[in-house]
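See below for the structure under consideration.
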Amino acid sequence: MRRGPALPRSLRRLLGVAALAGLAACGEAPVEVSAPVPERPPTAPDTSPVPQSRAEAPSAASEALSLFYARLETDLLSRGLLRRDGGGPDAPFTDTTLARNFERIALFDEYVFDGPSIRAETTESFLRRWEETVRFGVEFGARVPEAQRAEDRANVAAFVRRLSRVSGHPMIYDETDPNFHVLILTEDDRRSIAPRLRELVPGISDTSIRAFQTPDRGTLCLVLAFSPGNSAVYTKAVALIRAEHPDLLRLSCIHEELAQGLGLANDSPLARPSIFNDDEEFGLLTTHDELLLKMLYDPRLTPGMTAPEARPIVRQIASELVGGPS
């Protein structure tokens with residue numbers, strides 16, 4: 001939630017919270033991996049495919065956001081941020097730092113639910129991940145141009161293949177029956193998202209819906225992952241990516257939110273090289289982050305493990321993956 005004096009240095013609001021209140025319709029409890037503080041009521045995107053020639057023109061608000069995010073990307077790049085190199089000699093890490101970063105990112109929450117509101121409080125949590133095949137599908141708002149849709153579909157499908165490979169967990173791109181929904185929406189589409197969210201996640205809480213409703217341009221993207229009851233196993237997730245982002249910011253959001261929705265819920269200012277750090281140094285998933293995913297889905301760890309339970313196993317896995325002085 002950091003803002004700079006001119007253009008924000010880091011605008012993602014990554015709350016990494018776990019909601020424990022039950023949901024009326026399906027008995028699920030949302031585990032919100034990344035969500036902004038809500039500000040205003042929604043109005044549902046028309047998410048049916050619309051040919052580019054017939055797509056509605058963007059509103060003035062959407063055009064203003066496009067300009068803002070283009071300037072933001074230029075500002076970040078001019079300062080050497082949003083790196084795409086995956087890390088390098090200037091960002092070394094050992095097995096000890098990898099284990100520490102895993103614990104802070106996978107086993108802690110940054111925010112908690114306090115009734116209908118969200119407040120900042122770093123709390124120890126437990127390991128959460130998917131057990132079934134993760135089926136990613138992209139859905140677009142009516143005002144997203146066809147050319148952008150093709151690019152985004154290709155980027156998501158390629159990233160899903162990478163996530164499956166590095167984690168060792170089955171993941172596919174499947175628009176016919178997804179359980180991880182990636183919504184790419186303009187500002188105009190996003191304001192009317194509530195009915196669609198209720199279709200995707202029956203019984204979704206009002207607090208979860210309000211997470212998608214903020215008009216604050218500082219919310220670049222977010223993801224909510226859900227588990228049944230008090231389970232630590234995810235069964236659904238919904239990510240929001242703003243269509244107004246220029247290409248690199250949009251791809252950066254795809255990398256961060258899809259990875260966080262797999263169970264890397266928190267951020268850490270000590271994590272480097274990593275996208276799970278609000279300093280925006282790295283824009284795309286790094287080699288360090290790939291190892292975090294590999295650790296998360298290692299069969300020696302099980303959903304529901306607390307930090308003390310997981311710590312010796314995490315240290316062993318980190319040593320196997322990296323080695324080095326401890």
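Quick note on naming: the chains in the structure tokens go A, B, ... in the order shown, residues restart at 1 in each chain, and ligands are numbered from 1 in order of appearance.
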For this session: Within 12 Å of region 146-152 of chain A, counting only C-alpha atoms, which residues show up once you throw out same-chain ones fewer than 2 positions away? Write them as a PyMOL selection string, please.
Result: chain A and resi 49-56+137-144+154-159+182-186+241-255
How close does region 211-301 of chain A get to region 76-89 of chain A? List, as CSV, each residue of region 211-301 of chain A within 6 Å, its nearest atom pair and the distance in Å to one decimal, counting only C-alpha atoms.
residue,atom,partner,partner_atom,distance
A:Pro273,CA,A:Gly87,CA,5.4
A:Glu280,CA,A:Leu82,CA,5.8
A:Glu281,CA,A:Leu81,CA,4.4
A:Phe282,CA,A:Arg83,CA,4.4
A:Gly283,CA,A:Leu82,CA,3.8
A:Leu284,CA,A:Arg84,CA,5.6
A:Thr286,CA,A:Gly86,CA,3.9
A:Thr287,CA,A:Gly86,CA,5.5
Store the residues picked out above in a file with all heavy atoms, as a PDB file, in the first residue's frame.
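File written: result.pdb
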ATOM      1  N   PRO A 273      15.796 -12.270  -4.759  1.00  0.00           N
ATOM      2  CA  PRO A 273      14.996 -11.612  -5.793  1.00  0.00           C
ATOM      3  C   PRO A 273      13.592 -12.217  -5.841  1.00  0.00           C
ATOM      4  O   PRO A 273      13.447 -13.441  -5.945  1.00  0.00           O
ATOM      5  CB  PRO A 273      15.768 -11.929  -7.070  1.00  0.00           C
ATOM      6  CG  PRO A 273      16.407 -13.272  -6.790  1.00  0.00           C
ATOM      7  CD  PRO A 273      16.719 -13.269  -5.313  1.00  0.00           C
ATOM      8  N   GLU A 280       8.713  -3.569  -5.998  1.00  0.00           N
ATOM      9  CA  GLU A 280       8.569  -3.568  -7.455  1.00  0.00           C
ATOM     10  C   GLU A 280       9.888  -3.756  -8.201  1.00  0.00           C
ATOM     11  O   GLU A 280       9.967  -3.502  -9.404  1.00  0.00           O
ATOM     12  CB  GLU A 280       7.898  -2.277  -7.953  1.00  0.00           C
ATOM     13  CG  GLU A 280       6.550  -1.989  -7.338  1.00  0.00           C
ATOM     14  CD  GLU A 280       5.499  -3.048  -7.657  1.00  0.00           C
ATOM     15  OE1 GLU A 280       5.738  -3.877  -8.544  1.00  0.00           O
ATOM     16  OE2 GLU A 280       4.447  -3.043  -7.018  1.00  0.00           O
ATOM     17  N   GLU A 281      10.949  -4.201  -7.515  1.00  0.00           N
ATOM     18  CA  GLU A 281      12.209  -4.390  -8.224  1.00  0.00           C
ATOM     19  C   GLU A 281      12.059  -5.409  -9.344  1.00  0.00           C
ATOM     20  O   GLU A 281      12.566  -5.215 -10.452  1.00  0.00           O
ATOM     21  CB  GLU A 281      13.317  -4.830  -7.261  1.00  0.00           C
ATOM     22  CG  GLU A 281      14.654  -5.027  -7.970  1.00  0.00           C
ATOM     23  CD  GLU A 281      15.759  -5.522  -7.055  1.00  0.00           C
ATOM     24  OE1 GLU A 281      15.481  -5.847  -5.871  1.00  0.00           O
ATOM     25  OE2 GLU A 281      16.918  -5.606  -7.530  1.00  0.00           O
ATOM     26  N   PHE A 282      11.372  -6.503  -9.046  1.00  0.00           N
ATOM     27  CA  PHE A 282      11.192  -7.560 -10.040  1.00  0.00           C
ATOM     28  C   PHE A 282       9.735  -7.590 -10.490  1.00  0.00           C
ATOM     29  O   PHE A 282       8.819  -7.619  -9.673  1.00  0.00           O
ATOM     30  CB  PHE A 282      11.610  -8.906  -9.457  1.00  0.00           C
ATOM     31  CG  PHE A 282      13.096  -9.001  -9.230  1.00  0.00           C
ATOM     32  CD1 PHE A 282      13.647  -8.608  -8.016  1.00  0.00           C
ATOM     33  CD2 PHE A 282      13.937  -9.442 -10.232  1.00  0.00           C
ATOM     34  CE1 PHE A 282      15.016  -8.665  -7.807  1.00  0.00           C
ATOM     35  CE2 PHE A 282      15.310  -9.506 -10.040  1.00  0.00           C
ATOM     36  CZ  PHE A 282      15.855  -9.107  -8.825  1.00  0.00           C
ATOM     37  N   GLY A 283       9.553  -7.587 -11.801  1.00  0.00           N
ATOM     38  CA  GLY A 283       8.206  -7.562 -12.345  1.00  0.00           C
ATOM     39  C   GLY A 283       7.655  -8.934 -12.651  1.00  0.00           C
ATOM     40  O   GLY A 283       6.438  -9.110 -12.686  1.00  0.00           O
ATOM     41  N   LEU A 284       8.522  -9.912 -12.876  1.00  0.00           N
ATOM     42  CA  LEU A 284       8.082 -11.250 -13.261  1.00  0.00           C
ATOM     43  C   LEU A 284       8.669 -12.292 -12.307  1.00  0.00           C
ATOM     44  O   LEU A 284       9.649 -12.036 -11.609  1.00  0.00           O
ATOM     45  CB  LEU A 284       8.521 -11.559 -14.697  1.00  0.00           C
ATOM     46  CG  LEU A 284       8.061 -10.565 -15.771  1.00  0.00           C
ATOM     47  CD1 LEU A 284       8.547 -11.006 -17.148  1.00  0.00           C
ATOM     48  CD2 LEU A 284       6.557 -10.377 -15.758  1.00  0.00           C
ATOM     49  N   THR A 286      10.660 -14.911 -10.428  1.00  0.00           N
ATOM     50  CA  THR A 286      12.110 -15.102 -10.435  1.00  0.00           C
ATOM     51  C   THR A 286      12.460 -16.572 -10.169  1.00  0.00           C
ATOM     52  O   THR A 286      11.610 -17.384  -9.814  1.00  0.00           O
ATOM     53  CB  THR A 286      12.770 -14.239  -9.362  1.00  0.00           C
ATOM     54  OG1 THR A 286      12.360 -14.727  -8.064  1.00  0.00           O
ATOM     55  CG2 THR A 286      12.371 -12.775  -9.498  1.00  0.00           C
ATOM     56  N   THR A 287      13.752 -16.898 -10.293  1.00  0.00           N
ATOM     57  CA  THR A 287      14.200 -18.248  -9.961  1.00  0.00           C
ATOM     58  C   THR A 287      13.971 -18.543  -8.480  1.00  0.00           C
ATOM     59  O   THR A 287      13.630 -19.671  -8.109  1.00  0.00           O
ATOM     60  CB  THR A 287      15.689 -18.404 -10.294  1.00  0.00           C
ATOM     61  OG1 THR A 287      16.435 -17.344  -9.668  1.00  0.00           O
ATOM     62  CG2 THR A 287      15.919 -18.328 -11.799  1.00  0.00           C
TER      63      THR A 287
END
Problem set entry | Distance query region 166-174 of chain A at most 6 Å, only C-alpha atoms, self and fewer than 3 positions along chain excluded, as an NGL selection string | :A and (133-137 or 157 or 163 or 178 or 290 or 293-294 or 297)
Sorted per-residue table, region 54-128 of chain A near region 308-311 of chain A, closest atoms and distance, 9 Å, only C-alpha atoms, as JSON lines:
{"residue": "A:Ala99", "atom": "CA", "partner": "A:Arg311", "partner_atom": "CA", "distance": 8.0}
{"residue": "A:Arg100", "atom": "CA", "partner": "A:Arg311", "partner_atom": "CA", "distance": 8.9}
{"residue": "A:Glu103", "atom": "CA", "partner": "A:Arg311", "partner_atom": "CA", "distance": 7.4}
{"residue": "A:Leu107", "atom": "CA", "partner": "A:Ala310", "partner_atom": "CA", "distance": 8.9}
{"residue": "A:Phe126", "atom": "CA", "partner": "A:Ala310", "partner_atom": "CA", "distance": 9.0}
{"residue": "A:Leu127", "atom": "CA", "partner": "A:Ala310", "partner_atom": "CA", "distance": 8.3}
Can I get the selection written as a PDB file, in the first residue's frame, with all heavy atoms?
ATOM      1  N   ALA A  99      14.613 -20.479   3.000  1.00  0.00           N
ATOM      2  CA  ALA A  99      13.721 -21.051   4.012  1.00  0.00           C
ATOM      3  C   ALA A  99      13.005 -19.957   4.796  1.00  0.00           C
ATOM      4  O   ALA A  99      11.804 -20.050   5.063  1.00  0.00           O
ATOM      5  CB  ALA A  99      14.515 -21.952   4.956  1.00  0.00           C
ATOM      6  N   ARG A 100      13.745 -18.911   5.153  1.00  0.00           N
ATOM      7  CA  ARG A 100      13.131 -17.790   5.874  1.00  0.00           C
ATOM      8  C   ARG A 100      12.057 -17.124   5.029  1.00  0.00           C
ATOM      9  O   ARG A 100      10.950 -16.841   5.513  1.00  0.00           O
ATOM     10  CB  ARG A 100      14.205 -16.774   6.239  1.00  0.00           C
ATOM     11  CG  ARG A 100      13.684 -15.521   6.943  1.00  0.00           C
ATOM     12  CD  ARG A 100      14.636 -14.354   6.764  1.00  0.00           C
ATOM     13  NE  ARG A 100      14.739 -13.956   5.359  1.00  0.00           N
ATOM     14  CZ  ARG A 100      15.715 -13.207   4.866  1.00  0.00           C
ATOM     15  NH1 ARG A 100      16.703 -12.805   5.633  1.00  0.00           N
ATOM     16  NH2 ARG A 100      15.714 -12.871   3.578  1.00  0.00           N
ATOM     17  N   GLU A 103       8.879 -19.237   4.780  1.00  0.00           N
ATOM     18  CA  GLU A 103       8.067 -19.197   5.989  1.00  0.00           C
ATOM     19  C   GLU A 103       7.257 -17.912   6.064  1.00  0.00           C
ATOM     20  O   GLU A 103       6.069 -17.934   6.388  1.00  0.00           O
ATOM     21  CB  GLU A 103       8.963 -19.336   7.226  1.00  0.00           C
ATOM     22  CG  GLU A 103       8.177 -19.385   8.530  1.00  0.00           C
ATOM     23  CD  GLU A 103       9.049 -19.729   9.731  1.00  0.00           C
ATOM     24  OE1 GLU A 103      10.053 -20.457   9.544  1.00  0.00           O
ATOM     25  OE2 GLU A 103       8.727 -19.275  10.840  1.00  0.00           O
ATOM     26  N   LEU A 107       3.491 -18.950   5.165  1.00  0.00           N
ATOM     27  CA  LEU A 107       2.949 -19.361   6.465  1.00  0.00           C
ATOM     28  C   LEU A 107       2.540 -18.196   7.354  1.00  0.00           C
ATOM     29  O   LEU A 107       2.260 -18.381   8.546  1.00  0.00           O
ATOM     30  CB  LEU A 107       3.986 -20.237   7.190  1.00  0.00           C
ATOM     31  CG  LEU A 107       4.318 -21.551   6.479  1.00  0.00           C
ATOM     32  CD1 LEU A 107       5.542 -22.205   7.084  1.00  0.00           C
ATOM     33  CD2 LEU A 107       3.130 -22.503   6.521  1.00  0.00           C
ATOM     34  N   PHE A 126      -1.061 -20.821   8.382  1.00  0.00           N
ATOM     35  CA  PHE A 126      -0.733 -22.218   8.129  1.00  0.00           C
ATOM     36  C   PHE A 126      -0.604 -22.425   6.632  1.00  0.00           C
ATOM     37  O   PHE A 126      -1.007 -21.586   5.825  1.00  0.00           O
ATOM     38  CB  PHE A 126      -1.803 -23.149   8.711  1.00  0.00           C
ATOM     39  CG  PHE A 126      -3.215 -22.732   8.390  1.00  0.00           C
ATOM     40  CD1 PHE A 126      -3.813 -23.101   7.199  1.00  0.00           C
ATOM     41  CD2 PHE A 126      -3.936 -21.944   9.278  1.00  0.00           C
ATOM     42  CE1 PHE A 126      -5.095 -22.718   6.893  1.00  0.00           C
ATOM     43  CE2 PHE A 126      -5.231 -21.538   8.981  1.00  0.00           C
ATOM     44  CZ  PHE A 126      -5.817 -21.932   7.790  1.00  0.00           C
ATOM     45  N   LEU A 127      -0.036 -23.541   6.242  1.00  0.00           N
ATOM     46  CA  LEU A 127       0.220 -23.809   4.841  1.00  0.00           C
ATOM     47  C   LEU A 127      -1.080 -24.096   4.108  1.00  0.00           C
ATOM     48  O   LEU A 127      -1.896 -24.905   4.550  1.00  0.00           O
ATOM     49  CB  LEU A 127       1.182 -24.984   4.707  1.00  0.00           C
ATOM     50  CG  LEU A 127       1.703 -25.252   3.289  1.00  0.00           C
ATOM     51  CD1 LEU A 127       3.186 -25.600   3.335  1.00  0.00           C
ATOM     52  CD2 LEU A 127       0.922 -26.367   2.606  1.00  0.00           C
TER      53      LEU A 127
END
For this session: Enter the distance from CA of Asn277 (chain A) to CA of Asn179 (chain A), in Å, rounded to one decimal.
Result: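 Computing it gives 26.6 Å between the two atoms.
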Using only C-alpha atoms, tabulate the residues of region 53-163 of chain A lying at most 7 Å from any atom of region 234-240 of chain A, each with its closest atom pair and that distance in Å to one decimal, by chain and increasing residue number, as a tab-separated table.
residue	atom	partner	partner_atom	distance
A:Arg128	CA	A:Tyr234	CA	7.0
A:Arg129	CA	A:Tyr234	CA	5.7
A:Trp130	CA	A:Tyr234	CA	4.8
Go ahead and save the picked residues with N, CA, C and O atoms, as a tab-separated table (two decimals), in the first residue's frame.
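Below is the file result.tsv, written as the result:
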chain	number	residue	atom	x	y	z
A	128	ARG	N	-1.28	-23.42	2.98
A	128	ARG	CA	-2.47	-23.59	2.15
A	128	ARG	C	-2.03	-23.80	0.70
A	128	ARG	O	-1.11	-23.15	0.22
A	129	ARG	N	-2.71	-24.70	0.03
A	129	ARG	CA	-2.40	-24.96	-1.37
A	129	ARG	C	-3.53	-25.75	-2.00
A	129	ARG	O	-4.51	-26.11	-1.34
A	130	TRP	N	-3.41	-26.02	-3.29
A	130	TRP	CA	-4.38	-26.83	-4.02
A	130	TRP	C	-3.97	-28.30	-3.94
A	130	TRP	O	-2.79	-28.63	-3.90
Exercise. So how many Å separate CA of Asp278 (chain A) and CA of Ala225 (chain A), to one decimal?
Worked result: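 Going from CA of Asp278 (chain A) over to CA of Ala225 (chain A) covers 20.1 Å.
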Exercise. Mind pulling up the distance from CA of Glu131 (chain A) to CA of Arg153 (chain A)?
Worked result: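 Interatomic distance, CA of Arg153 (chain A) to CA of Glu131 (chain A): 24.3 Å.
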Seminar exercise, completed: In terms of only C-alpha atoms, the residue from A:Leu285, A:Ala194, A:Ala271, A:Leu291 at minimal distance from Ala91 (chain A) is A:Ala271
